Amino acid sequence: MGVLDGRVVLVTGAGSGIGQAYAARFAREGAQVAVADRDAERAGAVAKQIEAGSSGGALAVTADVTSAEENQRAVSETVAAFGHLDVFVGNAGVFDGFLPLPAMDTDAIEALFDRVFAVNVKGYVLGAKAAMPELLRSGGNMVFTASTAGFWANQGGLMYTMAKHAVVGLIRELAYELAPKIRVNGVAPGGTFTDLRNALPLGQEYGDDRSLFDMPGLDEFIKQSTPLRRLNTSDNHAAAAAFLASPAAQGLTGVIINSDGGYGVRGAASAAGGDQL
Ligand SMILES: NC(=O)c1ccc[n+]([C@@H]2O[C@H](COP(=O)([O-])OP(=O)(O)OC[C@H]3O[C@@H](n4cnc5c(N)ncnc54)[C@H](O)[C@@H]3O)[C@@H](O)[C@H]2O)c1
């Protein structure tokens, strides 16, 4: 028996990284999973892999989360395939290469702001709006991927940090607005070694088509900067998401699990942790 037996889950950005791990975990917990991504090939491969390894079904959906119509279609295709929708997971995201304002060209600001916010914030709003009627019918819930960048500075550059702070606001406000019918919670991963890509080409120093995989030493840096000296994995975040999505979390809404090795308890004098034992 899985904690999501009989449930239907739609995950955006599930073709890679954290979303892929969510989808696989939800399937292992007994759910039927719609794997949505703007990259059709990735979505197809992940759905196929899940279907081969689980008893439930998996469906690949090609959808760009920045489009209201495509979010709507992702929900409709999920319901057409599996009959209902119990959990909507907003997860698709892009990065800003840690680009700080002083290094931004003034005439490049608008495009970068628009792109990061279109995917990381508007994508979640449009997904929530599209999923809402089905979740009302099923008594379902939503889970969103936030970030340590939603709580603290220097976990991204300016655009990413602002966008993830907005995601924290979205989770809290929606949790209020949709109560008591739909629970809304989040997982805030710390730095995780994935293919998370820059939203736009950012030049040589901050990266053009660069992903976190292309940043040598980032994994060790993240590890050393957490009190638990851990580089959490996508599977760690997926365990938190599965719990929030499950009936065991029926009393929780507006909660964000900081899946980050303890960023919130870093010390002032010794940044990473106490090391007193
Ligand atoms: N990797 C980290 O360190 C980290 C830390 C905290 C939060 N996050 C968040 O986790 C989420 C997943 O990121 P990841 O690290 O797994 O990266 P990833 O690149 O491995 O996965 C993101 C997926 O989203 C898809 N995607 C991007 N834009 C899209 C769009 N417009 N429409 C539909 N799909 C789109 C990509 O094709 C990709 O498959 C993001 O919201 C990211 O901000 C990541």
# chains A, B, ... in the order shown; residues from 1 in each chain; ligands from 1

$ select_by_dssp --residues "region 23-252 of chain A" --states "strand (DSSP E or B)" --output "VMD selection string"
chain A and resid 32 to 37 58 to 62 87 to 90 95 141 to 145 183 to 189 197 to 198 211

$ write_last_selection --atoms "N, CA and C atoms" --output "PDB file, in the first residue's frame"
ATOM      1  N   GLN A  32      -1.205   7.327 -10.158  1.00  0.00           N
ATOM      2  CA  GLN A  32      -1.060   7.442 -11.604  1.00  0.00           C
ATOM      3  C   GLN A  32      -0.550   8.859 -11.860  1.00  0.00           C
ATOM      4  N   VAL A  33       0.429   8.975 -12.746  1.00  0.00           N
ATOM      5  CA  VAL A  33       1.142  10.241 -12.839  1.00  0.00           C
ATOM      6  C   VAL A  33       1.139  10.808 -14.254  1.00  0.00           C
ATOM      7  N   ALA A  34       0.793  12.090 -14.371  1.00  0.00           N
ATOM      8  CA  ALA A  34       0.952  12.804 -15.638  1.00  0.00           C
ATOM      9  C   ALA A  34       2.268  13.570 -15.562  1.00  0.00           C
ATOM     10  N   VAL A  35       3.166  13.258 -16.486  1.00  0.00           N
ATOM     11  CA  VAL A  35       4.508  13.835 -16.525  1.00  0.00           C
ATOM     12  C   VAL A  35       4.478  14.964 -17.554  1.00  0.00           C
ATOM     13  N   ALA A  36       4.370  16.211 -17.067  1.00  0.00           N
ATOM     14  CA  ALA A  36       4.248  17.343 -18.000  1.00  0.00           C
ATOM     15  C   ALA A  36       5.579  18.073 -18.107  1.00  0.00           C
ATOM     16  N   ASP A  37       5.944  18.426 -19.328  1.00  0.00           N
ATOM     17  CA  ASP A  37       7.168  19.197 -19.554  1.00  0.00           C
ATOM     18  C   ASP A  37       7.040  19.860 -20.915  1.00  0.00           C
ATOM     19  N   ALA A  58       1.317   5.959 -16.397  1.00  0.00           N
ATOM     20  CA  ALA A  58       1.986   7.255 -16.505  1.00  0.00           C
ATOM     21  C   ALA A  58       1.677   7.820 -17.884  1.00  0.00           C
ATOM     22  N   LEU A  59       1.483   9.124 -17.921  1.00  0.00           N
ATOM     23  CA  LEU A  59       1.105   9.786 -19.162  1.00  0.00           C
ATOM     24  C   LEU A  59       2.082  10.927 -19.404  1.00  0.00           C
ATOM     25  N   ALA A  60       2.589  11.025 -20.629  1.00  0.00           N
ATOM     26  CA  ALA A  60       3.450  12.165 -20.963  1.00  0.00           C
ATOM     27  C   ALA A  60       2.582  13.276 -21.544  1.00  0.00           C
ATOM     28  N   VAL A  61       2.791  14.489 -21.042  1.00  0.00           N
ATOM     29  CA  VAL A  61       2.048  15.638 -21.551  1.00  0.00           C
ATOM     30  C   VAL A  61       3.060  16.705 -21.958  1.00  0.00           C
ATOM     31  N   THR A  62       2.968  17.171 -23.191  1.00  0.00           N
ATOM     32  CA  THR A  62       3.858  18.243 -23.620  1.00  0.00           C
ATOM     33  C   THR A  62       3.133  19.565 -23.409  1.00  0.00           C
ATOM     34  N   VAL A  87      -3.901  15.670  -7.222  1.00  0.00           N
ATOM     35  CA  VAL A  87      -2.787  16.508  -6.768  1.00  0.00           C
ATOM     36  C   VAL A  87      -2.189  17.243  -7.963  1.00  0.00           C
ATOM     37  N   PHE A  88      -2.083  18.566  -7.837  1.00  0.00           N
ATOM     38  CA  PHE A  88      -1.361  19.343  -8.848  1.00  0.00           C
ATOM     39  C   PHE A  88      -0.021  19.759  -8.245  1.00  0.00           C
ATOM     40  N   VAL A  89       1.060  19.456  -8.964  1.00  0.00           N
ATOM     41  CA  VAL A  89       2.385  19.833  -8.489  1.00  0.00           C
ATOM     42  C   VAL A  89       3.013  20.825  -9.464  1.00  0.00           C
ATOM     43  N   GLY A  90       3.137  22.078  -9.039  1.00  0.00           N
ATOM     44  CA  GLY A  90       3.817  23.100  -9.835  1.00  0.00           C
ATOM     45  C   GLY A  90       5.304  23.027  -9.527  1.00  0.00           C
ATOM     46  N   PHE A  95      16.534  29.141 -14.170  1.00  0.00           N
ATOM     47  CA  PHE A  95      17.467  29.797 -13.248  1.00  0.00           C
ATOM     48  C   PHE A  95      17.961  31.109 -13.860  1.00  0.00           C
ATOM     49  N   ASN A 141      -5.275  18.432  -3.515  1.00  0.00           N
ATOM     50  CA  ASN A 141      -4.363  19.444  -2.975  1.00  0.00           C
ATOM     51  C   ASN A 141      -3.286  19.814  -3.984  1.00  0.00           C
ATOM     52  N   MET A 142      -2.559  20.888  -3.660  1.00  0.00           N
ATOM     53  CA  MET A 142      -1.478  21.369  -4.516  1.00  0.00           C
ATOM     54  C   MET A 142      -0.172  21.353  -3.730  1.00  0.00           C
ATOM     55  N   VAL A 143       0.921  21.090  -4.457  1.00  0.00           N
ATOM     56  CA  VAL A 143       2.269  21.204  -3.882  1.00  0.00           C
ATOM     57  C   VAL A 143       3.114  21.989  -4.884  1.00  0.00           C
ATOM     58  N   PHE A 144       3.851  22.978  -4.393  1.00  0.00           N
ATOM     59  CA  PHE A 144       4.704  23.774  -5.284  1.00  0.00           C
ATOM     60  C   PHE A 144       6.163  23.656  -4.853  1.00  0.00           C
ATOM     61  N   THR A 145       7.054  23.666  -5.839  1.00  0.00           N
ATOM     62  CA  THR A 145       8.484  23.690  -5.528  1.00  0.00           C
ATOM     63  C   THR A 145       8.906  25.137  -5.343  1.00  0.00           C
ATOM     64  N   ARG A 183      -5.943  21.969   0.010  1.00  0.00           N
ATOM     65  CA  ARG A 183      -4.706  22.270   0.742  1.00  0.00           C
ATOM     66  C   ARG A 183      -3.621  22.707  -0.241  1.00  0.00           C
ATOM     67  N   VAL A 184      -2.792  23.657   0.190  1.00  0.00           N
ATOM     68  CA  VAL A 184      -1.716  24.156  -0.678  1.00  0.00           C
ATOM     69  C   VAL A 184      -0.428  24.217   0.141  1.00  0.00           C
ATOM     70  N   ASN A 185       0.569  23.458  -0.269  1.00  0.00           N
ATOM     71  CA  ASN A 185       1.825  23.395   0.480  1.00  0.00           C
ATOM     72  C   ASN A 185       3.015  23.453  -0.479  1.00  0.00           C
ATOM     73  N   GLY A 186       4.201  23.504   0.094  1.00  0.00           N
ATOM     74  CA  GLY A 186       5.383  23.607  -0.759  1.00  0.00           C
ATOM     75  C   GLY A 186       6.579  22.851  -0.204  1.00  0.00           C
ATOM     76  N   VAL A 187       7.521  22.585  -1.101  1.00  0.00           N
ATOM     77  CA  VAL A 187       8.826  22.038  -0.726  1.00  0.00           C
ATOM     78  C   VAL A 187       9.858  23.054  -1.183  1.00  0.00           C
ATOM     79  N   ALA A 188      10.760  23.427  -0.277  1.00  0.00           N
ATOM     80  CA  ALA A 188      11.799  24.394  -0.634  1.00  0.00           C
ATOM     81  C   ALA A 188      13.156  23.690  -0.630  1.00  0.00           C
ATOM     82  N   PRO A 189      13.566  23.207  -1.812  1.00  0.00           N
ATOM     83  CA  PRO A 189      14.856  22.515  -1.865  1.00  0.00           C
ATOM     84  C   PRO A 189      16.009  23.487  -1.686  1.00  0.00           C
ATOM     85  N   ARG A 197      18.451  25.080 -15.746  1.00  0.00           N
ATOM     86  CA  ARG A 197      19.101  25.898 -16.791  1.00  0.00           C
ATOM     87  C   ARG A 197      18.796  27.381 -16.671  1.00  0.00           C
ATOM     88  N   ASN A 198      19.734  28.180 -17.145  1.00  0.00           N
ATOM     89  CA  ASN A 198      19.503  29.618 -17.216  1.00  0.00           C
ATOM     90  C   ASN A 198      18.318  29.922 -18.134  1.00  0.00           C
ATOM     91  N   SER A 211      23.726  24.991 -17.265  1.00  0.00           N
ATOM     92  CA  SER A 211      22.921  24.406 -16.194  1.00  0.00           C
ATOM     93  C   SER A 211      23.811  24.232 -14.968  1.00  0.00           C
TER      94      SER A 211
END

$ closest_atom_pairs --of "chain A" --to "ligand 1" --cutoff "6 Å" --atoms "only C-alpha atoms and all ligand atoms" --output "Markdown table"
| residue | atom | partner | partner_atom_place_in_ligand_line | distance |
| --- | --- | --- | --- | --- |
| A:Gly13 | CA | ligand 1 | 24 (O) | 3.4 |
| A:Ala14 | CA | ligand 1 | 39 (O) | 5.7 |
| A:Gly15 | CA | ligand 1 | 39 (O) | 4.1 |
| A:Ser16 | CA | ligand 1 | 39 (O) | 4.1 |
| A:Gly17 | CA | ligand 1 | 16 (O) | 3.5 |
| A:Ile18 | CA | ligand 1 | 16 (O) | 3.7 |
| A:Gly19 | CA | ligand 1 | 16 (O) | 5.5 |
| A:Asp37 | CA | ligand 1 | 34 (N) | 4.0 |
| A:Arg38 | CA | ligand 1 | 33 (C) | 4.0 |
| A:Asp39 | CA | ligand 1 | 37 (O) | 5.1 |
| A:Ala63 | CA | ligand 1 | 33 (C) | 5.7 |
| A:Asp64 | CA | ligand 1 | 32 (N) | 3.4 |
| A:Val65 | CA | ligand 1 | 32 (N) | 4.0 |
| A:Thr66 | CA | ligand 1 | 31 (N) | 5.4 |
| A:Asn91 | CA | ligand 1 | 41 (O) | 4.6 |
| A:Ala92 | CA | ligand 1 | 24 (O) | 3.8 |
| A:Gly93 | CA | ligand 1 | 41 (O) | 3.6 |
| A:Val94 | CA | ligand 1 | 27 (C) | 5.6 |
| A:Val119 | CA | ligand 1 | 31 (N) | 5.1 |
| A:Thr145 | CA | ligand 1 | 41 (O) | 5.4 |
| A:Ala146 | CA | ligand 1 | 7 (C) | 5.7 |
| A:Ser147 | CA | ligand 1 | 6 (C) | 3.9 |
| A:Pro189 | CA | ligand 1 | 6 (C) | 4.3 |
| A:Gly190 | CA | ligand 1 | 5 (C) | 4.9 |
| A:Gly191 | CA | ligand 1 | 3 (O) | 3.5 |
| A:Thr192 | CA | ligand 1 | 3 (O) | 3.7 |
| A:Phe193 | CA | ligand 1 | 1 (N) | 5.6 |
| A:Thr194 | CA | ligand 1 | 20 (O) | 4.8 |
| A:Asp195 | CA | ligand 1 | 20 (O) | 4.1 |
| A:Leu196 | CA | ligand 1 | 19 (O) | 3.3 |
| A:Arg197 | CA | ligand 1 | 19 (O) | 5.4 |

$ closest_residue --among "A:Gly273, A:Gly203, A:Pro247, A:Gly140" --to "Asp105 (chain A)" --atoms "only C-alpha atoms"
A:Gly203

$ select_by_dssp --residues "region 44-91 of chain A" --states "helix (DSSP H, G or I)" --output "count of residues only"
25

$ residues_around --residues "Gln72 (chain A)" --least-positions-apart "6" --cutoff "8 Å" --atoms "only C-alpha atoms" --output "JSON, numbers by chain"
{"A": [127, 130, 131]}

$ atom_distance --atom1 "CA of Ala45 (chain A)" --atom2 "CA of Glu77 (chain A)"
17.7 Å

$ atom_distance --atom1 "CA of Pro216 (chain A)" --atom2 "CA of Gly150 (chain A)"
24.0 Å

$ closest_residue --among "A:Gly254, A:Pro180, A:Pro100, A:Gly139" --to "Glu205 (chain A)" --atoms "only C-alpha atoms"
A:Pro100

$ closest_residue --among "A:Thr148, A:Ser246, A:Thr106, A:Thr253" --to "Lys164 (chain A)" --atoms "only C-alpha atoms"
A:Thr148

$ atom_distance --atom1 "CA of Phe26 (chain A)" --atom2 "CA of Ala43 (chain A)"
15.4 Å

$ residues_around --residues "Ser225 (chain A)" --least-positions-apart "2" --cutoff "10 Å" --atoms "only C-alpha atoms" --output "MDAnalysis selection string"
chainID A and resid 220:223 227:231 261:263 266 270:273

$ closest_residue --among "A:Thr161, A:Asn71, A:Gln20, A:Gln155" --to "Gln49 (chain A)" --atoms "only C-alpha atoms"
A:Gln20
